[in-house]
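The next block is model-v7.txt, given as compact mmCIF, N, CA and C atoms.
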# COMPACT_ATOMS: atom_id res chain seq x y z
N MET G 127 -14.47 8.75 -0.49
CA MET G 127 -13.46 8.50 0.51
C MET G 127 -12.20 7.92 -0.11
N ILE G 128 -12.32 6.97 -1.02
CA ILE G 128 -11.16 6.43 -1.72
C ILE G 128 -11.10 7.10 -3.09
N ILE G 129 -9.94 7.61 -3.43
CA ILE G 129 -9.76 8.39 -4.65
C ILE G 129 -8.86 7.63 -5.60
N LYS G 130 -9.18 7.71 -6.88
CA LYS G 130 -8.34 7.08 -7.90
C LYS G 130 -7.20 8.02 -8.27
N GLN G 131 -6.01 7.49 -8.23
CA GLN G 131 -4.80 8.24 -8.56
C GLN G 131 -4.19 7.62 -9.81
N ILE G 132 -3.64 8.46 -10.66
CA ILE G 132 -2.96 7.99 -11.86
C ILE G 132 -1.45 8.08 -11.61
N SER G 133 -0.75 7.00 -11.86
CA SER G 133 0.71 6.98 -11.80
C SER G 133 1.23 6.75 -13.21
N VAL G 134 2.18 7.57 -13.62
CA VAL G 134 2.78 7.43 -14.94
C VAL G 134 4.27 7.19 -14.75
N PHE G 135 4.77 6.11 -15.33
CA PHE G 135 6.18 5.78 -15.25
C PHE G 135 6.84 6.34 -16.49
N ILE G 136 7.79 7.26 -16.27
CA ILE G 136 8.39 7.97 -17.39
C ILE G 136 9.91 7.95 -17.30
N GLU G 137 10.53 7.93 -18.47
CA GLU G 137 11.99 7.99 -18.50
C GLU G 137 12.46 9.32 -17.93
N ASN G 138 13.61 9.29 -17.29
CA ASN G 138 14.19 10.48 -16.72
C ASN G 138 14.96 11.23 -17.82
N LYS G 139 14.18 11.81 -18.76
CA LYS G 139 14.74 12.54 -19.89
C LYS G 139 13.98 13.84 -20.08
N THR G 140 14.64 14.82 -20.60
CA THR G 140 14.02 16.12 -20.87
C THR G 140 12.78 15.94 -21.76
N GLY G 141 11.69 16.57 -21.37
CA GLY G 141 10.48 16.57 -22.17
C GLY G 141 9.47 15.50 -21.84
N ARG G 142 9.85 14.49 -21.07
CA ARG G 142 8.92 13.38 -20.80
C ARG G 142 7.77 13.82 -19.88
N ILE G 143 8.05 14.68 -18.91
CA ILE G 143 6.97 15.18 -18.04
C ILE G 143 6.04 16.06 -18.86
N TYR G 144 6.63 16.89 -19.73
CA TYR G 144 5.82 17.73 -20.60
C TYR G 144 4.91 16.87 -21.48
N GLU G 145 5.42 15.77 -21.98
CA GLU G 145 4.62 14.89 -22.82
C GLU G 145 3.36 14.43 -22.09
N ALA G 146 3.53 13.96 -20.86
CA ALA G 146 2.37 13.50 -20.07
C ALA G 146 1.42 14.66 -19.80
N ALA G 147 1.96 15.81 -19.41
CA ALA G 147 1.13 16.97 -19.10
C ALA G 147 0.36 17.45 -20.33
N SER G 148 1.00 17.45 -21.48
CA SER G 148 0.32 17.95 -22.68
C SER G 148 -0.76 16.97 -23.16
N ILE G 149 -0.55 15.68 -22.94
CA ILE G 149 -1.59 14.70 -23.28
C ILE G 149 -2.85 14.99 -22.46
N LEU G 150 -2.66 15.25 -21.17
CA LEU G 150 -3.81 15.56 -20.33
C LEU G 150 -4.44 16.89 -20.75
N GLU G 151 -3.62 17.88 -21.01
CA GLU G 151 -4.14 19.18 -21.46
C GLU G 151 -4.96 19.03 -22.73
N ASN G 152 -4.43 18.32 -23.70
CA ASN G 152 -5.11 18.15 -24.99
C ASN G 152 -6.42 17.39 -24.87
N ASN G 153 -6.60 16.68 -23.77
CA ASN G 153 -7.83 15.94 -23.53
C ASN G 153 -8.70 16.58 -22.45
N ASN G 154 -8.39 17.84 -22.15
CA ASN G 154 -9.18 18.63 -21.20
C ASN G 154 -9.30 17.95 -19.83
N ILE G 155 -8.18 17.41 -19.36
CA ILE G 155 -8.12 16.75 -18.05
C ILE G 155 -7.32 17.64 -17.12
N ASN G 156 -7.93 17.99 -15.98
CA ASN G 156 -7.31 18.91 -15.04
C ASN G 156 -6.58 18.15 -13.93
N ILE G 157 -5.35 18.54 -13.67
CA ILE G 157 -4.55 17.96 -12.59
C ILE G 157 -4.84 18.75 -11.32
N ARG G 158 -5.29 18.08 -10.28
CA ARG G 158 -5.61 18.74 -9.01
C ARG G 158 -4.45 18.68 -8.03
N SER G 159 -3.64 17.63 -8.10
CA SER G 159 -2.48 17.48 -7.23
C SER G 159 -1.52 16.53 -7.91
N LEU G 160 -0.23 16.69 -7.62
CA LEU G 160 0.74 15.78 -8.21
C LEU G 160 1.99 15.67 -7.35
N SER G 161 2.71 14.61 -7.63
CA SER G 161 3.98 14.34 -6.97
C SER G 161 4.88 13.66 -7.98
N LEU G 162 6.16 13.96 -7.92
CA LEU G 162 7.12 13.32 -8.81
C LEU G 162 8.25 12.74 -7.97
N ALA G 163 8.50 11.47 -8.15
CA ALA G 163 9.62 10.79 -7.51
C ALA G 163 10.51 10.26 -8.61
N ASP G 164 11.80 10.33 -8.39
CA ASP G 164 12.70 9.89 -9.46
C ASP G 164 13.75 8.93 -8.97
N SER G 165 14.33 8.26 -9.94
CA SER G 165 15.53 7.44 -9.73
C SER G 165 16.46 7.79 -10.88
N THR G 166 17.49 7.05 -11.06
CA THR G 166 18.45 7.36 -12.11
C THR G 166 17.84 7.31 -13.50
N ASP G 167 17.05 6.30 -13.78
CA ASP G 167 16.57 6.07 -15.15
C ASP G 167 15.11 6.43 -15.41
N TYR G 168 14.30 6.51 -14.37
CA TYR G 168 12.88 6.76 -14.58
C TYR G 168 12.30 7.53 -13.41
N GLY G 169 11.09 8.04 -13.61
CA GLY G 169 10.37 8.73 -12.56
C GLY G 169 8.95 8.20 -12.48
N VAL G 170 8.30 8.48 -11.35
CA VAL G 170 6.90 8.14 -11.18
C VAL G 170 6.16 9.44 -10.92
N LEU G 171 5.31 9.80 -11.85
CA LEU G 171 4.48 10.99 -11.74
C LEU G 171 3.11 10.53 -11.24
N ARG G 172 2.78 10.91 -9.99
CA ARG G 172 1.51 10.53 -9.39
C ARG G 172 0.59 11.75 -9.43
N MET G 173 -0.65 11.53 -9.87
CA MET G 173 -1.56 12.66 -10.05
C MET G 173 -2.98 12.32 -9.62
N ILE G 174 -3.62 13.30 -9.02
CA ILE G 174 -5.06 13.27 -8.82
C ILE G 174 -5.61 14.17 -9.92
N VAL G 175 -6.47 13.62 -10.75
CA VAL G 175 -7.04 14.36 -11.88
C VAL G 175 -8.56 14.32 -11.81
N ASP G 176 -9.20 15.22 -12.55
CA ASP G 176 -10.66 15.28 -12.51
C ASP G 176 -11.34 14.15 -13.28
N LYS G 177 -10.64 13.51 -14.19
CA LYS G 177 -11.22 12.39 -14.96
C LYS G 177 -10.21 11.24 -15.00
N PRO G 178 -10.08 10.49 -13.90
CA PRO G 178 -9.02 9.48 -13.83
C PRO G 178 -9.12 8.36 -14.87
N GLU G 179 -10.31 7.87 -15.16
CA GLU G 179 -10.44 6.78 -16.13
C GLU G 179 -10.02 7.25 -17.51
N GLU G 180 -10.47 8.45 -17.88
CA GLU G 180 -10.11 9.01 -19.18
C GLU G 180 -8.60 9.29 -19.25
N ALA G 181 -8.05 9.82 -18.16
CA ALA G 181 -6.60 10.09 -18.13
C ALA G 181 -5.81 8.81 -18.35
N TYR G 182 -6.20 7.76 -17.67
CA TYR G 182 -5.52 6.47 -17.82
C TYR G 182 -5.55 6.03 -19.29
N GLN G 183 -6.72 6.11 -19.90
CA GLN G 183 -6.87 5.65 -21.29
C GLN G 183 -6.00 6.46 -22.26
N VAL G 184 -6.05 7.79 -22.16
CA VAL G 184 -5.31 8.60 -23.13
C VAL G 184 -3.80 8.48 -22.93
N LEU G 185 -3.36 8.30 -21.71
CA LEU G 185 -1.93 8.11 -21.46
C LEU G 185 -1.47 6.77 -22.02
N LYS G 186 -2.26 5.72 -21.79
CA LYS G 186 -1.92 4.40 -22.34
C LYS G 186 -1.91 4.42 -23.87
N GLU G 187 -2.93 5.06 -24.45
CA GLU G 187 -3.02 5.14 -25.91
C GLU G 187 -1.82 5.89 -26.51
N ALA G 188 -1.24 6.81 -25.73
CA ALA G 188 -0.08 7.56 -26.19
C ALA G 188 1.22 6.78 -25.98
N GLY G 189 1.12 5.57 -25.44
CA GLY G 189 2.30 4.73 -25.26
C GLY G 189 3.00 4.88 -23.94
N LEU G 190 2.39 5.61 -23.00
CA LEU G 190 3.01 5.76 -21.68
C LEU G 190 2.53 4.63 -20.77
N THR G 191 3.37 4.24 -19.84
CA THR G 191 3.01 3.23 -18.87
C THR G 191 2.29 3.91 -17.72
N ALA G 192 1.00 3.61 -17.57
CA ALA G 192 0.18 4.25 -16.54
C ALA G 192 -0.51 3.19 -15.70
N LYS G 193 -0.88 3.59 -14.50
CA LYS G 193 -1.53 2.69 -13.56
C LYS G 193 -2.54 3.50 -12.74
N VAL G 194 -3.63 2.88 -12.37
CA VAL G 194 -4.61 3.50 -11.48
C VAL G 194 -4.47 2.82 -10.12
N SER G 195 -4.39 3.63 -9.07
CA SER G 195 -4.33 3.07 -7.72
C SER G 195 -5.25 3.86 -6.81
N GLU G 196 -5.50 3.32 -5.63
CA GLU G 196 -6.40 3.96 -4.67
C GLU G 196 -5.60 4.67 -3.60
N VAL G 197 -6.01 5.91 -3.32
CA VAL G 197 -5.39 6.71 -2.28
C VAL G 197 -6.50 7.34 -1.43
N VAL G 198 -6.09 7.94 -0.33
CA VAL G 198 -7.02 8.60 0.59
C VAL G 198 -6.55 10.03 0.79
N ALA G 199 -7.49 10.98 0.76
CA ALA G 199 -7.19 12.39 1.02
C ALA G 199 -7.72 12.74 2.42
N VAL G 200 -6.82 13.21 3.27
CA VAL G 200 -7.16 13.53 4.65
C VAL G 200 -6.93 15.02 4.87
N GLU G 201 -7.92 15.68 5.46
CA GLU G 201 -7.81 17.11 5.73
C GLU G 201 -7.27 17.32 7.14
N VAL G 202 -6.27 18.19 7.25
CA VAL G 202 -5.71 18.52 8.56
C VAL G 202 -5.50 20.03 8.65
N LYS G 203 -5.43 20.53 9.86
CA LYS G 203 -5.14 21.95 10.05
C LYS G 203 -3.73 22.23 9.54
N ASP G 204 -3.59 23.31 8.81
CA ASP G 204 -2.29 23.74 8.31
C ASP G 204 -1.62 24.54 9.41
N GLN G 205 -1.07 23.81 10.39
CA GLN G 205 -0.43 24.43 11.55
C GLN G 205 0.64 23.50 12.08
N VAL G 206 1.46 24.01 12.93
CA VAL G 206 2.51 23.20 13.56
C VAL G 206 1.87 22.01 14.26
N GLY G 207 2.35 20.82 13.98
CA GLY G 207 1.87 19.61 14.63
C GLY G 207 0.73 18.90 13.92
N GLY G 208 0.15 19.51 12.87
CA GLY G 208 -0.95 18.88 12.15
C GLY G 208 -0.53 17.55 11.55
N PHE G 209 0.61 17.52 10.91
CA PHE G 209 1.13 16.29 10.31
C PHE G 209 1.50 15.28 11.39
N ALA G 210 2.15 15.73 12.44
CA ALA G 210 2.56 14.82 13.52
C ALA G 210 1.35 14.15 14.16
N GLU G 211 0.25 14.87 14.28
CA GLU G 211 -0.96 14.30 14.87
C GLU G 211 -1.46 13.09 14.07
N ILE G 212 -1.47 13.22 12.76
CA ILE G 212 -1.91 12.10 11.92
C ILE G 212 -0.92 10.95 11.99
N MET G 213 0.36 11.26 11.98
CA MET G 213 1.37 10.20 12.04
C MET G 213 1.31 9.46 13.37
N LYS G 214 0.96 10.16 14.44
CA LYS G 214 0.81 9.50 15.75
C LYS G 214 -0.35 8.51 15.70
N ILE G 215 -1.46 8.91 15.11
CA ILE G 215 -2.61 8.02 14.98
C ILE G 215 -2.22 6.76 14.20
N MET G 216 -1.49 6.96 13.12
CA MET G 216 -1.07 5.82 12.29
C MET G 216 -0.10 4.92 13.04
N TYR G 217 0.83 5.54 13.75
CA TYR G 217 1.80 4.78 14.52
C TYR G 217 1.10 3.93 15.57
N GLU G 218 0.19 4.54 16.32
CA GLU G 218 -0.50 3.81 17.38
C GLU G 218 -1.39 2.70 16.83
N ALA G 219 -1.91 2.88 15.62
CA ALA G 219 -2.76 1.86 15.01
C ALA G 219 -1.95 0.86 14.17
N LYS G 220 -0.62 1.04 14.16
CA LYS G 220 0.28 0.17 13.40
C LYS G 220 -0.06 0.15 11.90
N ILE G 221 -0.32 1.34 11.37
CA ILE G 221 -0.66 1.50 9.96
C ILE G 221 0.60 1.89 9.19
N ASN G 222 0.85 1.20 8.09
CA ASN G 222 2.00 1.49 7.25
C ASN G 222 1.61 2.47 6.15
N VAL G 223 2.38 3.53 6.00
CA VAL G 223 2.19 4.49 4.92
C VAL G 223 3.16 4.10 3.81
N GLU G 224 2.63 3.76 2.65
CA GLU G 224 3.50 3.40 1.52
C GLU G 224 4.14 4.64 0.92
N TYR G 225 3.35 5.70 0.72
CA TYR G 225 3.86 7.00 0.28
C TYR G 225 2.79 8.04 0.52
N MET G 226 3.16 9.31 0.41
CA MET G 226 2.22 10.40 0.60
C MET G 226 2.74 11.67 -0.03
N TYR G 227 1.85 12.60 -0.27
CA TYR G 227 2.20 13.95 -0.68
C TYR G 227 1.09 14.87 -0.20
N ALA G 228 1.29 16.17 -0.29
CA ALA G 228 0.34 17.10 0.31
C ALA G 228 0.20 18.36 -0.52
N PHE G 229 -0.89 19.08 -0.26
CA PHE G 229 -1.07 20.42 -0.81
C PHE G 229 -1.95 21.21 0.15
N VAL G 230 -1.90 22.52 0.02
CA VAL G 230 -2.68 23.41 0.89
C VAL G 230 -3.87 23.92 0.09
N GLU G 231 -5.04 23.92 0.74
CA GLU G 231 -6.25 24.42 0.09
C GLU G 231 -6.16 25.92 -0.14
N LYS G 232 -6.75 26.39 -1.22
CA LYS G 232 -6.83 27.82 -1.48
C LYS G 232 -7.79 28.45 -0.48
N ASN G 233 -7.41 29.59 0.06
CA ASN G 233 -8.28 30.39 0.93
C ASN G 233 -8.82 29.64 2.15
N LYS G 234 -8.09 28.66 2.64
CA LYS G 234 -8.52 27.93 3.84
C LYS G 234 -7.31 27.74 4.75
N ASP G 235 -7.60 27.27 5.94
CA ASP G 235 -6.53 27.03 6.92
C ASP G 235 -6.19 25.56 7.02
N ASN G 236 -6.48 24.81 5.98
CA ASN G 236 -6.25 23.37 6.02
C ASN G 236 -5.29 22.92 4.94
N ALA G 237 -4.68 21.78 5.20
CA ALA G 237 -3.85 21.11 4.21
C ALA G 237 -4.51 19.77 3.89
N ILE G 238 -4.22 19.27 2.72
CA ILE G 238 -4.73 17.97 2.31
C ILE G 238 -3.54 17.04 2.14
N LEU G 239 -3.58 15.92 2.82
CA LEU G 239 -2.54 14.90 2.70
C LEU G 239 -3.11 13.75 1.88
N ILE G 240 -2.38 13.36 0.85
CA ILE G 240 -2.78 12.23 0.01
C ILE G 240 -1.92 11.04 0.43
N PHE G 241 -2.57 9.97 0.86
CA PHE G 241 -1.87 8.79 1.37
C PHE G 241 -2.17 7.55 0.54
N ARG G 242 -1.17 6.72 0.44
CA ARG G 242 -1.34 5.35 -0.06
C ARG G 242 -0.98 4.45 1.12
N PHE G 243 -1.93 3.62 1.54
CA PHE G 243 -1.75 2.72 2.67
C PHE G 243 -1.76 1.27 2.22
N ASP G 244 -1.15 0.41 3.04
CA ASP G 244 -1.20 -1.01 2.70
C ASP G 244 -2.58 -1.60 3.01
N LYS G 245 -3.29 -1.08 3.99
CA LYS G 245 -4.64 -1.55 4.35
C LYS G 245 -5.58 -0.36 4.30
N ILE G 246 -6.01 -0.01 3.12
CA ILE G 246 -6.71 1.27 2.91
C ILE G 246 -8.06 1.35 3.62
N LYS G 247 -8.89 0.34 3.54
CA LYS G 247 -10.22 0.42 4.14
C LYS G 247 -10.15 0.46 5.67
N GLU G 248 -9.26 -0.33 6.26
CA GLU G 248 -9.09 -0.33 7.70
C GLU G 248 -8.56 1.02 8.18
N THR G 249 -7.67 1.61 7.40
CA THR G 249 -7.09 2.90 7.76
C THR G 249 -8.13 4.00 7.74
N VAL G 250 -9.01 3.99 6.74
CA VAL G 250 -10.08 4.98 6.69
C VAL G 250 -10.93 4.90 7.95
N ASP G 251 -11.25 3.70 8.39
CA ASP G 251 -12.02 3.54 9.63
C ASP G 251 -11.29 4.13 10.82
N VAL G 252 -10.00 3.87 10.94
CA VAL G 252 -9.21 4.39 12.06
C VAL G 252 -9.18 5.92 12.03
N LEU G 253 -8.98 6.49 10.87
CA LEU G 253 -8.92 7.95 10.75
C LEU G 253 -10.25 8.58 11.13
N ARG G 254 -11.34 8.00 10.66
CA ARG G 254 -12.67 8.52 11.01
C ARG G 254 -12.93 8.40 12.51
N GLU G 255 -12.56 7.27 13.10
CA GLU G 255 -12.74 7.08 14.55
C GLU G 255 -12.00 8.14 15.35
N ASN G 256 -10.93 8.68 14.76
CA ASN G 256 -10.14 9.72 15.43
C ASN G 256 -10.57 11.13 15.02
N GLY G 257 -11.72 11.24 14.38
CA GLY G 257 -12.30 12.53 14.08
C GLY G 257 -11.72 13.27 12.88
N LEU G 258 -10.97 12.58 12.03
CA LEU G 258 -10.37 13.24 10.87
C LEU G 258 -11.32 13.21 9.68
N HIS G 259 -11.28 14.27 8.91
CA HIS G 259 -12.13 14.38 7.72
C HIS G 259 -11.44 13.70 6.55
N ILE G 260 -12.10 12.69 5.99
CA ILE G 260 -11.63 12.00 4.79
C ILE G 260 -12.40 12.61 3.63
N LEU G 261 -11.70 13.17 2.67
CA LEU G 261 -12.36 13.83 1.55
C LEU G 261 -12.83 12.82 0.51
N LYS G 262 -13.96 13.11 -0.08
CA LYS G 262 -14.46 12.34 -1.22
C LYS G 262 -13.80 12.88 -2.48
N ALA G 263 -13.80 12.10 -3.53
CA ALA G 263 -13.19 12.52 -4.79
C ALA G 263 -13.77 13.84 -5.26
N LYS G 264 -15.08 14.03 -5.16
CA LYS G 264 -15.73 15.28 -5.58
C LYS G 264 -15.19 16.48 -4.81
N GLU G 265 -14.91 16.29 -3.52
CA GLU G 265 -14.37 17.39 -2.70
C GLU G 265 -12.98 17.79 -3.18
N VAL G 266 -12.16 16.80 -3.47
CA VAL G 266 -10.80 17.09 -3.95
C VAL G 266 -10.86 17.79 -5.30
N MET G 267 -11.75 17.35 -6.18
CA MET G 267 -11.86 17.97 -7.51
C MET G 267 -12.34 19.41 -7.44
N SER G 268 -13.07 19.76 -6.38
CA SER G 268 -13.60 21.11 -6.27
C SER G 268 -12.63 22.09 -5.62
N LEU G 269 -11.50 21.61 -5.15
CA LEU G 269 -10.53 22.51 -4.49
C LEU G 269 -9.80 23.36 -5.51
Translate the structure of the given file into structure tokens.
Amino acid sequence: MIIKQISVFIENKTGRIYEAASILENNNINIRSLSLADSTDYGVLRMIVDKPEEAYQVLKEAGLTAKVSEVVAVEVKDQVGGFAEIMKIMYEAKINVEYMYAFVEKNKDNAILIFRFDKIKETVDVLRENGLHILKAKEVMSL
């Protein structure tokens, strides 16, 4: 239900994203989902990978600033209003979303939303009470 996410803080310079990606490739670590946010001087590359502990270690050993954090993957119908439905649940439960990103499953009618919440365990309970499917790490890795 709670998934480990790797965040890599990288300079906003040509080749820095490639550096992180090639480190993972060279260590046979598969990226299942990612998001990149930037500012003037640096970016934050957030990734769900198949071996998060190993990814963290190899990135740190390569001199990159990396962090492991907890996120939640929620499955929703890939249709008009699917996202709004989840946001309504969060709004009514007064849940703060720190950040999120999404991807669509292959050969399915669902989307997966990756969330970082301020109160992660309480939020998982609220989502389950509202009938939403919270994916386990193994489920995300198999997509």
Determine which residues of chain G DSSP labels as helix (DSSP H, G or I) from the backbone of this structure, then write them out as a ChimeraX atom specification. /G:142-152,178-187,208-218,246-255,263-267
Proximity to Ser159 of chain G - best of G:Tyr144, G:Val252, G:Glu211, G:Phe229, only N, CA and C atoms: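 Once distances to Ser159 of chain G are computed over only N, CA and C atoms, the minimum belongs to G:Phe229.
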Could you give me, as a tab-separated table, every segment 196-225 of chain G residue with an atom at most 6 Å from segment 232-241 of chain G, plus its closest atom pair and distance in Å to one decimal, counting only N, CA and C atoms, rows ordered by chain then number?
residue	atom	partner	partner_atom	distance
G:Val197	CA	G:Phe241	C	4.4
G:Val198	C	G:Phe241	N	4.0
G:Ala199	CA	G:Leu239	C	4.4
G:Val200	N	G:Leu239	C	4.0
G:Glu201	CA	G:Ala237	C	4.6
G:Val202	C	G:Ala237	N	4.0
G:Lys203	CA	G:Asn236	CA	4.4
G:Asp204	N	G:Asn236	CA	3.9
G:Tyr225	C	G:Phe241	CA	4.8
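Between atom C of Arg158 of chain G and atom CA of Ile174 of chain G lies a distance of 5.5 Å.
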For Ile149 of chain G, find every residue with an atom within 12 Å (counting only C-alpha atoms), except residues of its own chain fewer than 2 positions away, and show them as a PyMOL selection string. chain G and resi 134+142-147+151-157+180-190
Atom CA of Ile129 of chain G to atom CA of Ala263 of chain G measures 5.4 Å
From the options G:Ile215, G:Thr166, G:Val175, G:Glu255, which residue's atoms come nearest to Asn138 of chain G, counting only N, CA and C atoms?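 Looking at the shortest contact to Asn138 of chain G, the residue is G:Thr166.
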Separation of atom CA of Ile128 of chain G from atom CA of Val230 of chain G, in Å and rounded to one decimal: 19.2 Å
Hey, can I get the axis-aligned box for segment 128-132 of chain G? All listed atoms, 3 Å padding on each side, centre and edge lengths in Å to one decimal, as lines of an AutoDock Vina configuration file.
center_x = -6.9
center_y = 7.4
center_z = -6.4
size_x = 16.9
size_y = 8.0
size_z = 16.8
From the set G:Met213, G:Met127, G:Leu162, G:Ile136, which residue has the shortest atom-to-atom contact distance to Val266 of chain G, counting only C-alpha atoms?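 Closest to Val266 of chain G of all the choices is G:Met127.
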